[in-house]
Amino acid sequence: MKSNYSDIFVTLSTDKIQLMVDFYSQLLNQQPTIYQPGIYAEFQLQELKIAIFQPKAERLAEFSNQSSSMSLCLEVINLVEAIAHISDLGYPPPGEIIEASHGREVYAYDPGNNRLILHQSLVK
């Protein structure tokens with residue numbers, strides 16, 4: 001059976017849309033591919049889109065920041081450089097680098113308090 005899905009992407013709701021758009025523009029070193037100021041921004045990465053939107057006023061309660069187990073994992077080439085970059089943006093990781101069986105990683109948070117995992121795989 002053919003999939004009915006043509007694309008999958010992550011969306012982040014926020015009441016601080018410009019702050020989030022600025023943060024991800026600087027973090028990803030690119031401008032949004034789609035941008036409607038105050039409403040919606042979309043960043044296209046190789047196989048993933050990250051969309052940021054501001055919910056309509058009547059839907060805000062639905063999207064209030066609630067604790068979530070979901071994280072946005074960003075694979076990096078050099079973890080130390082990635083930590084320096086996100087720290088320069090004003091959002092340093094609160095913890096230390098974790099040595100895991102699959103590589104090294106550190107947790108950080110964006111301006112909307114969404115959990116980011118900066119991950120560097122083991123060299124093969």
# chains A, B, ... in the order shown; residues from 1 in each chain; ligands from 1

$ residues_around --residues "Ile52 of chain A" --least-positions-apart "6" --cutoff "9 Å" --atoms "only C-alpha atoms" --output "PDB file with C-alpha atoms, in the first residue's frame"
ATOM      1  CA  VAL A  10       8.425  19.122  13.309  1.00  0.00           C
ATOM      2  CA  THR A  11       6.413  22.158  14.400  1.00  0.00           C
ATOM      3  CA  LEU A  12       7.074  24.321  17.423  1.00  0.00           C
ATOM      4  CA  SER A  13       4.335  26.562  18.765  1.00  0.00           C
ATOM      5  CA  THR A  14       5.311  29.747  20.543  1.00  0.00           C
ATOM      6  CA  ILE A  17       7.676  33.799  17.350  1.00  0.00           C
ATOM      7  CA  MET A  20      12.305  31.782  17.997  1.00  0.00           C
ATOM      8  CA  VAL A  21      12.750  32.655  14.297  1.00  0.00           C
ATOM      9  CA  ILE A  39       2.562  33.982  12.113  1.00  0.00           C
ATOM     10  CA  TYR A  40       4.756  31.256  10.615  1.00  0.00           C
ATOM     11  CA  ALA A  41       8.314  30.374   9.614  1.00  0.00           C
ATOM     12  CA  GLU A  42       9.701  27.224   8.074  1.00  0.00           C
ATOM     13  CA  PHE A  43      13.301  26.048   7.805  1.00  0.00           C
TER      14      PHE A  43
END

$ residues_around --residues "segment 73-84 of chain A" --least-positions-apart "3" --cutoff "9 Å" --atoms "only C-alpha atoms" --output "MDAnalysis selection string"
chainID A and resid 27 87:89 92:93 97 104:106 108 115:121

$ select_by_dssp --residues "chain A" --states "helix (DSSP H, G or I)" --output "PDB file with N, CA and C atoms, in the first residue's frame"
ATOM      1  N   ILE A  17       7.283  34.277  18.672  1.00  0.00           N
ATOM      2  CA  ILE A  17       7.676  33.799  17.350  1.00  0.00           C
ATOM      3  C   ILE A  17       8.915  34.493  16.802  1.00  0.00           C
ATOM      4  N   GLN A  18       9.037  35.805  16.948  1.00  0.00           N
ATOM      5  CA  GLN A  18      10.204  36.474  16.370  1.00  0.00           C
ATOM      6  C   GLN A  18      11.498  36.046  17.068  1.00  0.00           C
ATOM      7  N   LEU A  19      11.443  35.886  18.370  1.00  0.00           N
ATOM      8  CA  LEU A  19      12.603  35.411  19.124  1.00  0.00           C
ATOM      9  C   LEU A  19      13.013  34.015  18.655  1.00  0.00           C
ATOM     10  N   MET A  20      12.035  33.142  18.455  1.00  0.00           N
ATOM     11  CA  MET A  20      12.305  31.782  17.997  1.00  0.00           C
ATOM     12  C   MET A  20      12.848  31.777  16.569  1.00  0.00           C
ATOM     13  N   VAL A  21      12.272  32.582  15.687  1.00  0.00           N
ATOM     14  CA  VAL A  21      12.750  32.655  14.297  1.00  0.00           C
ATOM     15  C   VAL A  21      14.186  33.167  14.279  1.00  0.00           C
ATOM     16  N   ASP A  22      14.469  34.187  15.052  1.00  0.00           N
ATOM     17  CA  ASP A  22      15.838  34.717  15.119  1.00  0.00           C
ATOM     18  C   ASP A  22      16.803  33.660  15.655  1.00  0.00           C
ATOM     19  N   PHE A  23      16.398  32.944  16.711  1.00  0.00           N
ATOM     20  CA  PHE A  23      17.242  31.909  17.301  1.00  0.00           C
ATOM     21  C   PHE A  23      17.567  30.820  16.285  1.00  0.00           C
ATOM     22  N   TYR A  24      16.539  30.269  15.631  1.00  0.00           N
ATOM     23  CA  TYR A  24      16.782  29.178  14.682  1.00  0.00           C
ATOM     24  C   TYR A  24      17.499  29.669  13.423  1.00  0.00           C
ATOM     25  N   SER A  25      17.284  30.903  13.016  1.00  0.00           N
ATOM     26  CA  SER A  25      18.040  31.460  11.879  1.00  0.00           C
ATOM     27  C   SER A  25      19.525  31.463  12.205  1.00  0.00           C
ATOM     28  N   GLN A  26      19.858  31.879  13.425  1.00  0.00           N
ATOM     29  CA  GLN A  26      21.260  31.925  13.825  1.00  0.00           C
ATOM     30  C   GLN A  26      21.812  30.536  14.113  1.00  0.00           C
ATOM     31  N   LEU A  27      21.033  29.687  14.767  1.00  0.00           N
ATOM     32  CA  LEU A  27      21.492  28.334  15.086  1.00  0.00           C
ATOM     33  C   LEU A  27      21.767  27.530  13.821  1.00  0.00           C
ATOM     34  N   LEU A  28      20.846  27.611  12.861  1.00  0.00           N
ATOM     35  CA  LEU A  28      20.969  26.824  11.626  1.00  0.00           C
ATOM     36  C   LEU A  28      21.743  27.543  10.535  1.00  0.00           C
ATOM     37  N   ALA A  57      -5.175  33.188  19.020  1.00  0.00           N
ATOM     38  CA  ALA A  57      -5.474  33.497  20.420  1.00  0.00           C
ATOM     39  C   ALA A  57      -6.421  32.476  21.049  1.00  0.00           C
ATOM     40  N   GLU A  58      -7.430  32.051  20.314  1.00  0.00           N
ATOM     41  CA  GLU A  58      -8.413  31.121  20.880  1.00  0.00           C
ATOM     42  C   GLU A  58      -7.858  29.700  21.047  1.00  0.00           C
ATOM     43  N   ARG A  59      -6.645  29.431  20.517  1.00  0.00           N
ATOM     44  CA  ARG A  59      -6.036  28.099  20.614  1.00  0.00           C
ATOM     45  C   ARG A  59      -4.805  28.074  21.528  1.00  0.00           C
ATOM     46  N   LEU A  60      -4.447  29.207  22.138  1.00  0.00           N
ATOM     47  CA  LEU A  60      -3.224  29.291  22.943  1.00  0.00           C
ATOM     48  C   LEU A  60      -3.151  28.249  24.050  1.00  0.00           C
ATOM     49  N   ALA A  61      -4.237  28.006  24.748  1.00  0.00           N
ATOM     50  CA  ALA A  61      -4.222  27.052  25.864  1.00  0.00           C
ATOM     51  C   ALA A  61      -3.810  25.659  25.398  1.00  0.00           C
ATOM     52  N   GLU A  62      -4.214  25.298  24.191  1.00  0.00           N
ATOM     53  CA  GLU A  62      -3.869  24.000  23.623  1.00  0.00           C
ATOM     54  C   GLU A  62      -2.362  23.812  23.481  1.00  0.00           C
ATOM     55  N   PHE A  63      -1.659  24.900  23.224  1.00  0.00           N
ATOM     56  CA  PHE A  63      -0.241  24.847  22.926  1.00  0.00           C
ATOM     57  C   PHE A  63       0.636  25.408  24.036  1.00  0.00           C
ATOM     58  N   LEU A  79      30.894  18.702  18.407  1.00  0.00           N
ATOM     59  CA  LEU A  79      30.042  19.031  19.548  1.00  0.00           C
ATOM     60  C   LEU A  79      30.549  20.262  20.309  1.00  0.00           C
ATOM     61  N   VAL A  80      31.841  20.375  20.486  1.00  0.00           N
ATOM     62  CA  VAL A  80      32.395  21.516  21.213  1.00  0.00           C
ATOM     63  C   VAL A  80      32.061  22.825  20.488  1.00  0.00           C
ATOM     64  N   GLU A  81      32.199  22.837  19.162  1.00  0.00           N
ATOM     65  CA  GLU A  81      31.862  24.032  18.388  1.00  0.00           C
ATOM     66  C   GLU A  81      30.358  24.321  18.459  1.00  0.00           C
ATOM     67  N   ALA A  82      29.530  23.284  18.434  1.00  0.00           N
ATOM     68  CA  ALA A  82      28.075  23.471  18.520  1.00  0.00           C
ATOM     69  C   ALA A  82      27.687  24.057  19.879  1.00  0.00           C
ATOM     70  N   ILE A  83      28.343  23.606  20.936  1.00  0.00           N
ATOM     71  CA  ILE A  83      28.067  24.142  22.275  1.00  0.00           C
ATOM     72  C   ILE A  83      28.470  25.613  22.329  1.00  0.00           C
ATOM     73  N   ALA A  84      29.613  25.941  21.761  1.00  0.00           N
ATOM     74  CA  ALA A  84      30.066  27.341  21.745  1.00  0.00           C
ATOM     75  C   ALA A  84      29.075  28.202  20.968  1.00  0.00           C
ATOM     76  N   HIS A  85      28.578  27.685  19.845  1.00  0.00           N
ATOM     77  CA  HIS A  85      27.645  28.455  19.011  1.00  0.00           C
ATOM     78  C   HIS A  85      26.331  28.726  19.745  1.00  0.00           C
ATOM     79  N   ILE A  86      25.746  27.700  20.329  1.00  0.00           N
ATOM     80  CA  ILE A  86      24.468  27.898  21.010  1.00  0.00           C
ATOM     81  C   ILE A  86      24.663  28.759  22.270  1.00  0.00           C
ATOM     82  N   SER A  87      25.819  28.658  22.893  1.00  0.00           N
ATOM     83  CA  SER A  87      26.126  29.510  24.051  1.00  0.00           C
ATOM     84  C   SER A  87      26.245  30.964  23.623  1.00  0.00           C
ATOM     85  N   ASP A  88      26.886  31.205  22.467  1.00  0.00           N
ATOM     86  CA  ASP A  88      26.992  32.568  21.936  1.00  0.00           C
ATOM     87  C   ASP A  88      25.624  33.174  21.641  1.00  0.00           C
TER      88      ASP A  88
END

$ atom_distance --atom1 "atom CA of Pro94 of chain A" --atom2 "atom CA of Tyr109 of chain A"
8.6 Å

$ select_by_dssp --residues "segment 30-78 of chain A" --states "strand (DSSP E or B)" --output "list of chain:residue names"
A:Ile34, A:Tyr35, A:Gln36, A:Tyr40, A:Ala41, A:Glu42, A:Phe43, A:Gln44, A:Lys49, A:Ile50, A:Ala51, A:Ile52, A:Phe53, A:Leu72, A:Cys73, A:Leu74, A:Glu75

$ atom_distance --atom1 "atom CA of Pro55 of chain A" --atom2 "atom CA of Ser68 of chain A"
18.1 Å

$ atom_distance --atom1 "atom CA of Leu48 of chain A" --atom2 "atom CA of Ser101 of chain A"
24.9 Å

$ closest_residue --among "A:Asp15, A:Gly95, A:Leu72, A:Asn29" --to "Lys56 of chain A" --atoms "only C-alpha atoms"
A:Asp15
